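Visitor: You'll find coords_21.pdb just under this line, and it carries PDB, C-alpha atoms and all ligand atoms.
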```pdb
ATOM      1  CA  MET O  79     -24.849 -23.309 -10.704  1.00  0.00           C
ATOM      2  CA  PRO O  80     -24.367 -19.717  -9.479  1.00  0.00           C
ATOM      3  CA  ARG O  81     -25.325 -19.273  -5.843  1.00  0.00           C
ATOM      4  CA  LEU O  82     -26.950 -16.289  -4.171  1.00  0.00           C
ATOM      5  CA  LEU O  83     -26.394 -16.061  -0.409  1.00  0.00           C
ATOM      6  CA  VAL O  84     -29.027 -14.236   1.626  1.00  0.00           C
ATOM      7  CA  VAL O  85     -27.758 -13.228   5.080  1.00  0.00           C
ATOM      8  CA  HIS O  86     -30.340 -11.581   7.275  1.00  0.00           C
ATOM      9  CA  HIS O  87     -31.270 -10.576  10.779  1.00  0.00           C
ATOM     10  CA  SER O  88     -35.051 -10.697  11.011  1.00  0.00           C
ATOM     11  CA  PRO O  89     -36.073 -10.551  14.672  1.00  0.00           C
ATOM     12  CA  THR O  90     -39.694  -9.412  14.246  1.00  0.00           C
ATOM     13  CA  ASP O  91     -42.669 -10.168  12.018  1.00  0.00           C
ATOM     14  CA  THR O  92     -42.230  -6.793  10.346  1.00  0.00           C
ATOM     15  CA  VAL O  93     -38.688  -7.495   9.272  1.00  0.00           C
ATOM     16  CA  ARG O  94     -39.493 -11.100   8.418  1.00  0.00           C
ATOM     17  CA  ALA O  95     -42.114  -9.866   5.962  1.00  0.00           C
ATOM     18  CA  LEU O  96     -39.402  -7.949   4.123  1.00  0.00           C
ATOM     19  CA  THR O  97     -36.993 -10.859   4.224  1.00  0.00           C
ATOM     20  CA  ASP O  98     -39.646 -13.243   2.914  1.00  0.00           C
ATOM     21  CA  ALA O  99     -40.353 -10.879   0.024  1.00  0.00           C
ATOM     22  CA  VAL O 100     -36.664 -10.591  -0.853  1.00  0.00           C
ATOM     23  CA  VAL O 101     -36.291 -14.386  -0.843  1.00  0.00           C
ATOM     24  CA  ALA O 102     -39.472 -14.832  -2.884  1.00  0.00           C
ATOM     25  CA  GLY O 103     -38.141 -12.374  -5.453  1.00  0.00           C
ATOM     26  CA  ALA O 104     -34.899 -14.300  -5.689  1.00  0.00           C
ATOM     27  CA  HIS O 105     -36.998 -17.391  -6.481  1.00  0.00           C
ATOM     28  CA  ASP O 106     -39.080 -15.647  -9.162  1.00  0.00           C
ATOM     29  CA  ASP O 107     -40.225 -18.126 -11.810  1.00  0.00           C
ATOM     30  CA  ALA O 108     -38.585 -16.088 -14.560  1.00  0.00           C
ATOM     31  CA  ILE O 109     -35.159 -16.679 -13.017  1.00  0.00           C
ATOM     32  CA  GLU O 110     -33.666 -20.064 -13.716  1.00  0.00           C
ATOM     33  CA  GLY O 111     -30.424 -21.698 -12.759  1.00  0.00           C
ATOM     34  CA  VAL O 112     -29.629 -19.794  -9.549  1.00  0.00           C
ATOM     35  CA  GLU O 113     -29.378 -21.508  -6.189  1.00  0.00           C
ATOM     36  CA  VAL O 114     -30.598 -19.351  -3.318  1.00  0.00           C
ATOM     37  CA  VAL O 115     -29.134 -20.052   0.120  1.00  0.00           C
ATOM     38  CA  VAL O 116     -30.752 -18.282   3.086  1.00  0.00           C
ATOM     39  CA  ARG O 117     -28.883 -17.938   6.368  1.00  0.00           C
ATOM     40  CA  PRO O 118     -29.710 -16.080   9.585  1.00  0.00           C
ATOM     41  CA  ALA O 119     -26.790 -13.735  10.228  1.00  0.00           C
ATOM     42  CA  LEU O 120     -25.764 -15.555  13.410  1.00  0.00           C
ATOM     43  CA  GLU O 121     -25.491 -18.849  11.495  1.00  0.00           C
ATOM     44  CA  ALA O 122     -23.694 -17.747   8.333  1.00  0.00           C
ATOM     45  CA  GLY O 123     -19.997 -18.468   8.035  1.00  0.00           C
ATOM     46  CA  ALA O 124     -17.033 -17.917   5.768  1.00  0.00           C
ATOM     47  CA  ALA O 125     -17.735 -21.123   3.823  1.00  0.00           C
ATOM     48  CA  ASP O 126     -21.153 -19.750   2.897  1.00  0.00           C
ATOM     49  CA  VAL O 127     -19.556 -16.540   1.678  1.00  0.00           C
ATOM     50  CA  LEU O 128     -16.751 -18.180  -0.268  1.00  0.00           C
ATOM     51  CA  GLY O 129     -19.222 -20.546  -1.914  1.00  0.00           C
ATOM     52  CA  ALA O 130     -21.482 -17.764  -3.173  1.00  0.00           C
ATOM     53  CA  ASP O 131     -21.398 -15.625  -6.291  1.00  0.00           C
ATOM     54  CA  GLY O 132     -23.603 -12.812  -5.009  1.00  0.00           C
ATOM     55  CA  TYR O 133     -25.039 -11.586  -1.729  1.00  0.00           C
ATOM     56  CA  LEU O 134     -28.152 -10.094  -0.228  1.00  0.00           C
ATOM     57  CA  LEU O 135     -27.833  -8.601   3.229  1.00  0.00           C
ATOM     58  CA  GLY O 136     -30.709  -7.649   5.493  1.00  0.00           C
ATOM     59  CA  THR O 137     -30.594  -5.978   8.866  1.00  0.00           C
ATOM     60  CA  THR O 138     -32.469  -3.897  11.353  1.00  0.00           C
ATOM     61  CA  ALA O 139     -31.151  -0.475  12.330  1.00  0.00           C
ATOM     62  CA  ASN O 140     -29.990  -0.492  15.940  1.00  0.00           C
ATOM     63  CA  PHE O 141     -28.445   2.460  17.757  1.00  0.00           C
ATOM     64  CA  GLY O 142     -27.658   4.091  14.421  1.00  0.00           C
ATOM     65  CA  TYR O 143     -25.737   1.020  13.259  1.00  0.00           C
ATOM     66  CA  MET O 144     -26.425  -2.380  11.702  1.00  0.00           C
ATOM     67  CA  SER O 145     -27.715  -5.118  14.024  1.00  0.00           C
ATOM     68  CA  GLY O 146     -25.244  -6.865  16.275  1.00  0.00           C
ATOM     69  CA  ALA O 147     -26.085 -10.074  14.426  1.00  0.00           C
ATOM     70  CA  LEU O 148     -25.000  -8.760  11.026  1.00  0.00           C
ATOM     71  CA  LYS O 149     -21.935  -7.170  12.609  1.00  0.00           C
ATOM     72  CA  HIS O 150     -21.080 -10.584  14.092  1.00  0.00           C
ATOM     73  CA  PHE O 151     -21.359 -12.044  10.590  1.00  0.00           C
ATOM     74  CA  PHE O 152     -18.868  -9.501   9.244  1.00  0.00           C
ATOM     75  CA  ASP O 153     -16.538  -9.953  12.238  1.00  0.00           C
ATOM     76  CA  THR O 154     -16.554 -13.676  11.518  1.00  0.00           C
ATOM     77  CA  ILE O 155     -16.106 -13.759   7.761  1.00  0.00           C
ATOM     78  CA  PHE O 156     -14.319 -10.504   6.898  1.00  0.00           C
ATOM     79  CA  LEU O 157     -10.720 -11.653   6.536  1.00  0.00           C
ATOM     80  CA  GLU O 158     -11.503 -15.056   5.003  1.00  0.00           C
ATOM     81  CA  ALA O 159     -13.817 -13.351   2.533  1.00  0.00           C
ATOM     82  CA  GLY O 160     -10.943 -11.203   1.288  1.00  0.00           C
ATOM     83  CA  GLY O 161     -11.446  -8.122   3.430  1.00  0.00           C
ATOM     84  CA  ALA O 162      -8.578  -5.753   4.082  1.00  0.00           C
ATOM     85  CA  LEU O 163      -7.898  -3.909   7.348  1.00  0.00           C
ATOM     86  CA  SER O 164      -6.182  -0.529   7.748  1.00  0.00           C
ATOM     87  CA  ASP O 165      -3.370  -0.094  10.248  1.00  0.00           C
ATOM     88  CA  ASP O 166      -5.877   1.284  12.767  1.00  0.00           C
ATOM     89  CA  GLY O 167      -8.090  -1.797  12.431  1.00  0.00           C
ATOM     90  CA  SER O 168     -10.827  -0.186  10.364  1.00  0.00           C
ATOM     91  CA  ALA O 169     -12.014  -1.681   7.112  1.00  0.00           C
ATOM     92  CA  ALA O 170      -9.713  -0.469   4.351  1.00  0.00           C
ATOM     93  CA  GLY O 171     -11.620   0.896   1.395  1.00  0.00           C
ATOM     94  CA  GLY O 172     -10.857   0.793  -2.275  1.00  0.00           C
ATOM     95  CA  ARG O 173     -11.032  -2.936  -2.976  1.00  0.00           C
ATOM     96  CA  GLN O 174     -11.903  -3.810  -6.545  1.00  0.00           C
ATOM     97  CA  GLY O 175     -15.311  -5.428  -6.296  1.00  0.00           C
ATOM     98  CA  ARG O 176     -16.665  -8.111  -8.541  1.00  0.00           C
ATOM     99  CA  LYS O 177     -19.290 -10.079  -6.665  1.00  0.00           C
ATOM    100  CA  PRO O 178     -22.604  -8.200  -6.619  1.00  0.00           C
ATOM    101  CA  TYR O 179     -24.454  -7.469  -3.404  1.00  0.00           C
ATOM    102  CA  GLY O 180     -27.696  -5.854  -2.348  1.00  0.00           C
ATOM    103  CA  LEU O 181     -28.837  -4.524   1.010  1.00  0.00           C
ATOM    104  CA  TRP O 182     -32.098  -3.893   2.810  1.00  0.00           C
ATOM    105  CA  VAL O 183     -32.434  -2.162   6.154  1.00  0.00           C
ATOM    106  CA  HIS O 184     -35.491  -1.824   8.356  1.00  0.00           C
ATOM    107  CA  GLY O 185     -35.830   0.780  11.067  1.00  0.00           C
ATOM    108  CA  ARG O 186     -38.390   2.829  12.902  1.00  0.00           C
ATOM    109  CA  TYR O 187     -37.022   6.341  12.466  1.00  0.00           C
ATOM    110  CA  ASP O 188     -33.612   6.617  10.749  1.00  0.00           C
ATOM    111  CA  THR O 189     -31.625   3.957   8.871  1.00  0.00           C
ATOM    112  CA  THR O 190     -28.824   6.259   7.660  1.00  0.00           C
ATOM    113  CA  GLY O 191     -26.181   5.110  10.125  1.00  0.00           C
ATOM    114  CA  ALA O 192     -27.072   1.448   9.655  1.00  0.00           C
ATOM    115  CA  VAL O 193     -26.687   1.695   5.894  1.00  0.00           C
ATOM    116  CA  ARG O 194     -23.399   3.555   6.239  1.00  0.00           C
ATOM    117  CA  SER O 195     -22.069   0.979   8.694  1.00  0.00           C
ATOM    118  CA  VAL O 196     -22.678  -1.862   6.254  1.00  0.00           C
ATOM    119  CA  GLN O 197     -21.277   0.055   3.305  1.00  0.00           C
ATOM    120  CA  SER O 198     -18.092   0.960   5.187  1.00  0.00           C
ATOM    121  CA  ILE O 199     -17.346  -2.706   5.799  1.00  0.00           C
ATOM    122  CA  VAL O 200     -18.518  -4.105   2.480  1.00  0.00           C
ATOM    123  CA  GLY O 201     -16.451  -1.436   0.730  1.00  0.00           C
ATOM    124  CA  ALA O 202     -13.392  -3.341   1.893  1.00  0.00           C
ATOM    125  CA  LEU O 203     -14.644  -6.663   0.538  1.00  0.00           C
ATOM    126  CA  PRO O 204     -14.305  -7.674  -3.114  1.00  0.00           C
ATOM    127  CA  TRP O 205     -17.999  -7.033  -3.650  1.00  0.00           C
ATOM    128  CA  VAL O 206     -19.794  -4.405  -5.703  1.00  0.00           C
ATOM    129  CA  PRO O 207     -23.155  -2.753  -5.024  1.00  0.00           C
ATOM    130  CA  ALA O 208     -25.624  -4.019  -7.603  1.00  0.00           C
ATOM    131  CA  ALA O 209     -28.891  -2.398  -6.539  1.00  0.00           C
ATOM    132  CA  VAL O 210     -30.151   0.664  -4.731  1.00  0.00           C
ATOM    133  CA  VAL O 211     -30.253   0.082  -0.970  1.00  0.00           C
ATOM    134  CA  LEU O 212     -33.795  -0.625   0.200  1.00  0.00           C
ATOM    135  CA  GLU O 213     -34.514   1.382   3.347  1.00  0.00           C
ATOM    136  CA  VAL O 214     -37.858   0.813   5.044  1.00  0.00           C
ATOM    137  CA  LEU O 215     -39.161   2.774   8.004  1.00  0.00           C
ATOM    138  CA  GLY O 216     -42.083   1.627  10.119  1.00  0.00           C
ATOM    139  CA  ASP O 217     -44.796  -0.772   9.084  1.00  0.00           C
ATOM    140  CA  VAL O 218     -44.240  -2.769   5.908  1.00  0.00           C
ATOM    141  CA  THR O 219     -46.625  -1.829   3.095  1.00  0.00           C
ATOM    142  CA  GLU O 220     -47.374  -3.602  -0.166  1.00  0.00           C
ATOM    143  CA  GLU O 221     -45.029  -1.128  -1.862  1.00  0.00           C
ATOM    144  CA  HIS O 222     -42.232  -2.123   0.492  1.00  0.00           C
ATOM    145  CA  ARG O 223     -42.905  -5.798  -0.176  1.00  0.00           C
ATOM    146  CA  ALA O 224     -42.824  -5.170  -3.910  1.00  0.00           C
ATOM    147  CA  ALA O 225     -39.528  -3.300  -3.613  1.00  0.00           C
ATOM    148  CA  ALA O 226     -38.092  -6.121  -1.524  1.00  0.00           C
ATOM    149  CA  TYR O 227     -39.268  -8.689  -4.074  1.00  0.00           C
ATOM    150  CA  GLU O 228     -37.630  -6.669  -6.835  1.00  0.00           C
ATOM    151  CA  LEU O 229     -34.385  -6.463  -4.881  1.00  0.00           C
ATOM    152  CA  GLY O 230     -34.284 -10.241  -4.542  1.00  0.00           C
ATOM    153  CA  GLY O 231     -35.091 -10.709  -8.200  1.00  0.00           C
ATOM    154  CA  THR O 232     -32.504  -8.185  -9.318  1.00  0.00           C
ATOM    155  CA  LEU O 233     -29.632  -9.912  -7.550  1.00  0.00           C
ATOM    156  CA  ALA O 234     -30.707 -13.387  -8.633  1.00  0.00           C
ATOM    157  CA  ALA O 235     -31.151 -12.276 -12.246  1.00  0.00           C
ATOM    158  CA  LEU O 236     -27.673 -10.736 -12.244  1.00  0.00           C
ATOM    159  CA  LEU O 237     -26.179 -14.129 -11.469  1.00  0.00           C
ATOM    160  CA  THR O 238     -27.764 -15.717 -14.507  1.00  0.00           C
ATOM    161  CA  SER O 239     -25.924 -13.478 -16.961  1.00  0.00           C
TER     162      SER O 239
HETATM  163  C1  LIG O 301     -32.203  -1.166  20.850  1.00  0.00           C
HETATM  164  C2  LIG O 301     -32.861  -0.657  19.600  1.00  0.00           C
HETATM  165  C3  LIG O 301     -32.223   0.294  18.843  1.00  0.00           C
HETATM  166  C4  LIG O 301     -32.843   0.774  17.679  1.00  0.00           C
HETATM  167  N1  LIG O 301     -32.210   1.722  16.930  1.00  0.00           N
HETATM  168  C5  LIG O 301     -32.798   2.165  15.800  1.00  0.00           C
HETATM  169  C6  LIG O 301     -32.145   3.111  14.981  1.00  0.00           C
HETATM  170  O1  LIG O 301     -31.032   3.559  15.227  1.00  0.00           O
HETATM  171  N2  LIG O 301     -32.788   3.553  13.863  1.00  0.00           N
HETATM  172  C7  LIG O 301     -34.044   3.104  13.540  1.00  0.00           C
HETATM  173  O2  LIG O 301     -34.578   3.537  12.524  1.00  0.00           O
HETATM  174  N3  LIG O 301     -34.679   2.184  14.285  1.00  0.00           N
HETATM  175  C8  LIG O 301     -34.084   1.709  15.391  1.00  0.00           C
HETATM  176  N4  LIG O 301     -34.708   0.761  16.153  1.00  0.00           N
HETATM  177  C9  LIG O 301     -35.932   0.166  15.661  1.00  0.00           C
HETATM  178  C10 LIG O 301     -35.619  -1.166  15.011  1.00  0.00           C
HETATM  179  O3  LIG O 301     -34.852  -0.966  13.842  1.00  0.00           O
HETATM  180  C11 LIG O 301     -36.906  -1.906  14.725  1.00  0.00           C
HETATM  181  O4  LIG O 301     -37.509  -2.200  15.949  1.00  0.00           O
HETATM  182  C12 LIG O 301     -36.623  -3.191  13.937  1.00  0.00           C
HETATM  183  O5  LIG O 301     -36.304  -2.891  12.602  1.00  0.00           O
HETATM  184  C13 LIG O 301     -37.826  -4.120  13.957  1.00  0.00           C
HETATM  185  O6  LIG O 301     -38.931  -3.447  13.460  1.00  0.00           O
HETATM  186  P1  LIG O 301     -40.331  -3.485  14.199  1.00  0.00           P
HETATM  187  O7  LIG O 301     -40.078  -3.017  15.585  1.00  0.00           O
HETATM  188  O8  LIG O 301     -41.204  -2.561  13.416  1.00  0.00           O
HETATM  189  O9  LIG O 301     -40.840  -4.894  14.158  1.00  0.00           O
HETATM  190  C14 LIG O 301     -34.114   0.285  17.307  1.00  0.00           C
HETATM  191  C15 LIG O 301     -34.734  -0.693  18.096  1.00  0.00           C
HETATM  192  C16 LIG O 301     -34.125  -1.149  19.230  1.00  0.00           C
HETATM  193  C17 LIG O 301     -34.811  -2.211  20.061  1.00  0.00           C
END
```
Re-express the file's structure as C-alpha cells.
Ligand SMILES: Cc1cc2nc3c(=O)[nH]c(=O)nc-3n(C[C@H](O)[C@H](O)[C@H](O)COP(=O)(O)O)c2cc1C

Guide:
Amino acid sequence: MPRLLVVHHSPTDTVRALTDAVVAGAHDDAIEGVEVVVRPALEAGAADVLGADGYLLGTTANFGYMSGALKHFFDTIFLEAGGALSDDGSAAGGRQGRKPYGLWVHGRYDTTGAVRSVQSIVGALPWVPAAVVLEVLGDVTEEHRAAAYELGGTLAALLTS
C-alpha cells in the first residue's frame, strides 16, 4: 500500500490545528488504499523517509528559516534519502524528483525565508513539489483549516493513482 509520511513541527495549539487539518485531509473518506504515517520532526528518521512514497512537511517560521526541528530532520535523513551535497556543503540542486511532497508553514509575520529554506534542501532530494505551498500567518481561520485539509487530501490522492 502506498505510504504518505507527514513530518511536522507543531509546538503550539495554532500550528497543531493546521497539522490536524492536514492529517484529516489525508484520511478523507474518498481516498482509499493510502497509509498515512505521522511523525513529529524530532522523531522521524531515514527509515520513515525511505519507506514512504510521498511526503507532507509542516513547520513554523523561526528567524526567517524553518524550525530547528525540521532542520534536524533534514540533517538526519538527507544523505540516506538520496540528497546530494555541493563541494561547499550546501544542498546541490537539480535532482530529478519523483516522489511528491507538499509543505505548510505557519508564522506570525513573514514565512518567505522559511519556505525558501525548505525548498533549497528538498530541491536536492529526489522529490517533486506536488501542491502549492500553504503559508499561514497569524491565527488559524476556517479558510486556513480548509486549505490545510485540501493539502493533505491532495497528496494522499496523488498516491492512489
Ligand atoms: C524565536 C522565534 C522566531 C520566530 N521567527 C519568525 C519568523 O521569522 N517569521 C514568522 O512569520 N514568524 C516567526 N515567529 C513566529 C512563529 O512562527 C510562531 O510563533 C509559530 O508559528 C507558532 O504560532 P503561534 O505563536 O501563533 O502559536 C517566530 C517565533 C519565535 C518564538

Visitor: I need the output of the PyMOL selection byres (((not hetatm)) within 7 of (chain O and resi 301)) for this file as a PyMOL selection string; which residues are they?

Guide: chain O and resi 89-93+138-143+184-189+215-217

Visitor: Excluding same-chain residues fewer than 5 positions from Phe152 of chain O, what lies within 12 Å of it counting all atoms listed in the file, as a PDB file with C-alpha atoms, in the coordinates of the input?

Guide:
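The resulting file, part.pdb, is shown below:
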```pdb
ATOM      1  CA  VAL O  85     -27.758 -13.228   5.080  1.00  0.00           C
ATOM      2  CA  HIS O  86     -30.340 -11.581   7.275  1.00  0.00           C
ATOM      3  CA  ALA O 119     -26.790 -13.735  10.228  1.00  0.00           C
ATOM      4  CA  LEU O 120     -25.764 -15.555  13.410  1.00  0.00           C
ATOM      5  CA  GLU O 121     -25.491 -18.849  11.495  1.00  0.00           C
ATOM      6  CA  ALA O 122     -23.694 -17.747   8.333  1.00  0.00           C
ATOM      7  CA  GLY O 123     -19.997 -18.468   8.035  1.00  0.00           C
ATOM      8  CA  ALA O 124     -17.033 -17.917   5.768  1.00  0.00           C
ATOM      9  CA  VAL O 127     -19.556 -16.540   1.678  1.00  0.00           C
ATOM     10  CA  LEU O 135     -27.833  -8.601   3.229  1.00  0.00           C
ATOM     11  CA  MET O 144     -26.425  -2.380  11.702  1.00  0.00           C
ATOM     12  CA  SER O 145     -27.715  -5.118  14.024  1.00  0.00           C
ATOM     13  CA  GLY O 146     -25.244  -6.865  16.275  1.00  0.00           C
ATOM     14  CA  ALA O 147     -26.085 -10.074  14.426  1.00  0.00           C
ATOM     15  CA  LEU O 157     -10.720 -11.653   6.536  1.00  0.00           C
ATOM     16  CA  GLU O 158     -11.503 -15.056   5.003  1.00  0.00           C
ATOM     17  CA  ALA O 159     -13.817 -13.351   2.533  1.00  0.00           C
ATOM     18  CA  GLY O 160     -10.943 -11.203   1.288  1.00  0.00           C
ATOM     19  CA  GLY O 161     -11.446  -8.122   3.430  1.00  0.00           C
ATOM     20  CA  ALA O 169     -12.014  -1.681   7.112  1.00  0.00           C
ATOM     21  CA  SER O 195     -22.069   0.979   8.694  1.00  0.00           C
ATOM     22  CA  VAL O 196     -22.678  -1.862   6.254  1.00  0.00           C
ATOM     23  CA  GLN O 197     -21.277   0.055   3.305  1.00  0.00           C
ATOM     24  CA  SER O 198     -18.092   0.960   5.187  1.00  0.00           C
ATOM     25  CA  ILE O 199     -17.346  -2.706   5.799  1.00  0.00           C
ATOM     26  CA  VAL O 200     -18.518  -4.105   2.480  1.00  0.00           C
ATOM     27  CA  GLY O 201     -16.451  -1.436   0.730  1.00  0.00           C
ATOM     28  CA  ALA O 202     -13.392  -3.341   1.893  1.00  0.00           C
ATOM     29  CA  LEU O 203     -14.644  -6.663   0.538  1.00  0.00           C
TER      30      LEU O 203
END
```

Visitor: Kindly indicate which residue among O:Gly191, O:Pro80, O:Gly111, O:Pro118 lies nearest to Arg94 of chain O, using only C-alpha atoms for the distances.

Guide: O:Pro118

Visitor: Closest to Val193 of chain O among O:Ala234, O:Leu148, O:Leu163, O:Ala225, using all atoms listed in the file?

Guide: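 Once distances to Val193 of chain O are computed over all atoms listed in the file, the minimum belongs to O:Leu148.
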
Visitor: How would you write, as a ChimeraX atom specification, the residues chosen by the PyMOL selection byres (((chain O and resi 116) around 7) and not hetatm) on this structure?

Guide: /O:83-85,114-115,117-118

Visitor: Once N, CA and C atoms are restored for segment 196-218 of chain O, what would the output be as a PDB file, in the frame of the given file?

Guide:
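Result saved to rebuild.pdb:
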```pdb
ATOM      1  N   VAL O 196     -22.862  -0.700   7.136  1.00  0.00           N
ATOM      2  CA  VAL O 196     -22.678  -1.862   6.254  1.00  0.00           C
ATOM      3  C   VAL O 196     -21.779  -1.488   5.078  1.00  0.00           C
ATOM      4  N   GLN O 197     -22.053  -0.342   4.493  1.00  0.00           N
ATOM      5  CA  GLN O 197     -21.277   0.055   3.305  1.00  0.00           C
ATOM      6  C   GLN O 197     -19.795   0.236   3.638  1.00  0.00           C
ATOM      7  N   SER O 198     -19.502   0.720   4.847  1.00  0.00           N
ATOM      8  CA  SER O 198     -18.092   0.960   5.187  1.00  0.00           C
ATOM      9  C   SER O 198     -17.329  -0.362   5.291  1.00  0.00           C
ATOM     10  N   ILE O 199     -18.005  -1.401   5.701  1.00  0.00           N
ATOM     11  CA  ILE O 199     -17.346  -2.706   5.799  1.00  0.00           C
ATOM     12  C   ILE O 199     -17.318  -3.399   4.442  1.00  0.00           C
ATOM     13  N   VAL O 200     -18.445  -3.400   3.771  1.00  0.00           N
ATOM     14  CA  VAL O 200     -18.518  -4.105   2.480  1.00  0.00           C
ATOM     15  C   VAL O 200     -17.612  -3.431   1.449  1.00  0.00           C
ATOM     16  N   GLY O 201     -17.359  -2.144   1.645  1.00  0.00           N
ATOM     17  CA  GLY O 201     -16.451  -1.436   0.730  1.00  0.00           C
ATOM     18  C   GLY O 201     -15.039  -1.983   0.749  1.00  0.00           C
ATOM     19  N   ALA O 202     -14.723  -2.741   1.800  1.00  0.00           N
ATOM     20  CA  ALA O 202     -13.392  -3.341   1.893  1.00  0.00           C
ATOM     21  C   ALA O 202     -13.413  -4.822   1.537  1.00  0.00           C
ATOM     22  N   LEU O 203     -14.546  -5.285   1.049  1.00  0.00           N
ATOM     23  CA  LEU O 203     -14.644  -6.663   0.538  1.00  0.00           C
ATOM     24  C   LEU O 203     -14.678  -6.603  -0.989  1.00  0.00           C
ATOM     25  N   PRO O 204     -14.299  -7.688  -1.641  1.00  0.00           N
ATOM     26  CA  PRO O 204     -14.305  -7.674  -3.114  1.00  0.00           C
ATOM     27  C   PRO O 204     -15.720  -7.847  -3.682  1.00  0.00           C
ATOM     28  N   TRP O 205     -16.610  -6.999  -3.228  1.00  0.00           N
ATOM     29  CA  TRP O 205     -17.999  -7.033  -3.650  1.00  0.00           C
ATOM     30  C   TRP O 205     -18.335  -5.682  -4.286  1.00  0.00           C
ATOM     31  N   VAL O 206     -19.395  -5.655  -5.065  1.00  0.00           N
ATOM     32  CA  VAL O 206     -19.794  -4.405  -5.703  1.00  0.00           C
ATOM     33  C   VAL O 206     -21.302  -4.210  -5.525  1.00  0.00           C
ATOM     34  N   PRO O 207     -21.710  -2.971  -5.171  1.00  0.00           N
ATOM     35  CA  PRO O 207     -23.155  -2.753  -5.024  1.00  0.00           C
ATOM     36  C   PRO O 207     -23.868  -2.938  -6.357  1.00  0.00           C
ATOM     37  N   ALA O 208     -24.962  -3.698  -6.339  1.00  0.00           N
ATOM     38  CA  ALA O 208     -25.624  -4.019  -7.603  1.00  0.00           C
ATOM     39  C   ALA O 208     -27.072  -3.536  -7.643  1.00  0.00           C
ATOM     40  N   ALA O 209     -27.511  -2.903  -6.576  1.00  0.00           N
ATOM     41  CA  ALA O 209     -28.891  -2.398  -6.539  1.00  0.00           C
ATOM     42  C   ALA O 209     -28.946  -1.259  -5.525  1.00  0.00           C
ATOM     43  N   VAL O 210     -29.933  -0.411  -5.698  1.00  0.00           N
ATOM     44  CA  VAL O 210     -30.151   0.664  -4.731  1.00  0.00           C
ATOM     45  C   VAL O 210     -30.506   0.047  -3.386  1.00  0.00           C
ATOM     46  N   VAL O 211     -29.950   0.598  -2.309  1.00  0.00           N
ATOM     47  CA  VAL O 211     -30.253   0.082  -0.970  1.00  0.00           C
ATOM     48  C   VAL O 211     -31.738   0.311  -0.671  1.00  0.00           C
ATOM     49  N   LEU O 212     -32.387  -0.741  -0.179  1.00  0.00           N
ATOM     50  CA  LEU O 212     -33.795  -0.625   0.200  1.00  0.00           C
ATOM     51  C   LEU O 212     -33.866  -0.268   1.687  1.00  0.00           C
ATOM     52  N   GLU O 213     -34.363   0.923   1.969  1.00  0.00           N
ATOM     53  CA  GLU O 213     -34.514   1.382   3.347  1.00  0.00           C
ATOM     54  C   GLU O 213     -36.003   1.498   3.645  1.00  0.00           C
ATOM     55  N   VAL O 214     -36.441   0.806   4.687  1.00  0.00           N
ATOM     56  CA  VAL O 214     -37.858   0.813   5.044  1.00  0.00           C
ATOM     57  C   VAL O 214     -38.005   1.282   6.485  1.00  0.00           C
ATOM     58  N   LEU O 215     -38.868   2.272   6.659  1.00  0.00           N
ATOM     59  CA  LEU O 215     -39.161   2.774   8.004  1.00  0.00           C
ATOM     60  C   LEU O 215     -40.581   2.401   8.390  1.00  0.00           C
ATOM     61  N   GLY O 216     -40.740   1.869   9.595  1.00  0.00           N
ATOM     62  CA  GLY O 216     -42.083   1.627  10.119  1.00  0.00           C
ATOM     63  C   GLY O 216     -42.726   0.378   9.553  1.00  0.00           C
ATOM     64  N   ASP O 217     -44.050   0.418   9.521  1.00  0.00           N
ATOM     65  CA  ASP O 217     -44.796  -0.772   9.084  1.00  0.00           C
ATOM     66  C   ASP O 217     -44.534  -1.056   7.606  1.00  0.00           C
ATOM     67  N   VAL O 218     -44.546  -2.340   7.280  1.00  0.00           N
ATOM     68  CA  VAL O 218     -44.240  -2.769   5.908  1.00  0.00           C
ATOM     69  C   VAL O 218     -45.517  -2.732   5.064  1.00  0.00           C
TER      70      VAL O 218
END
```
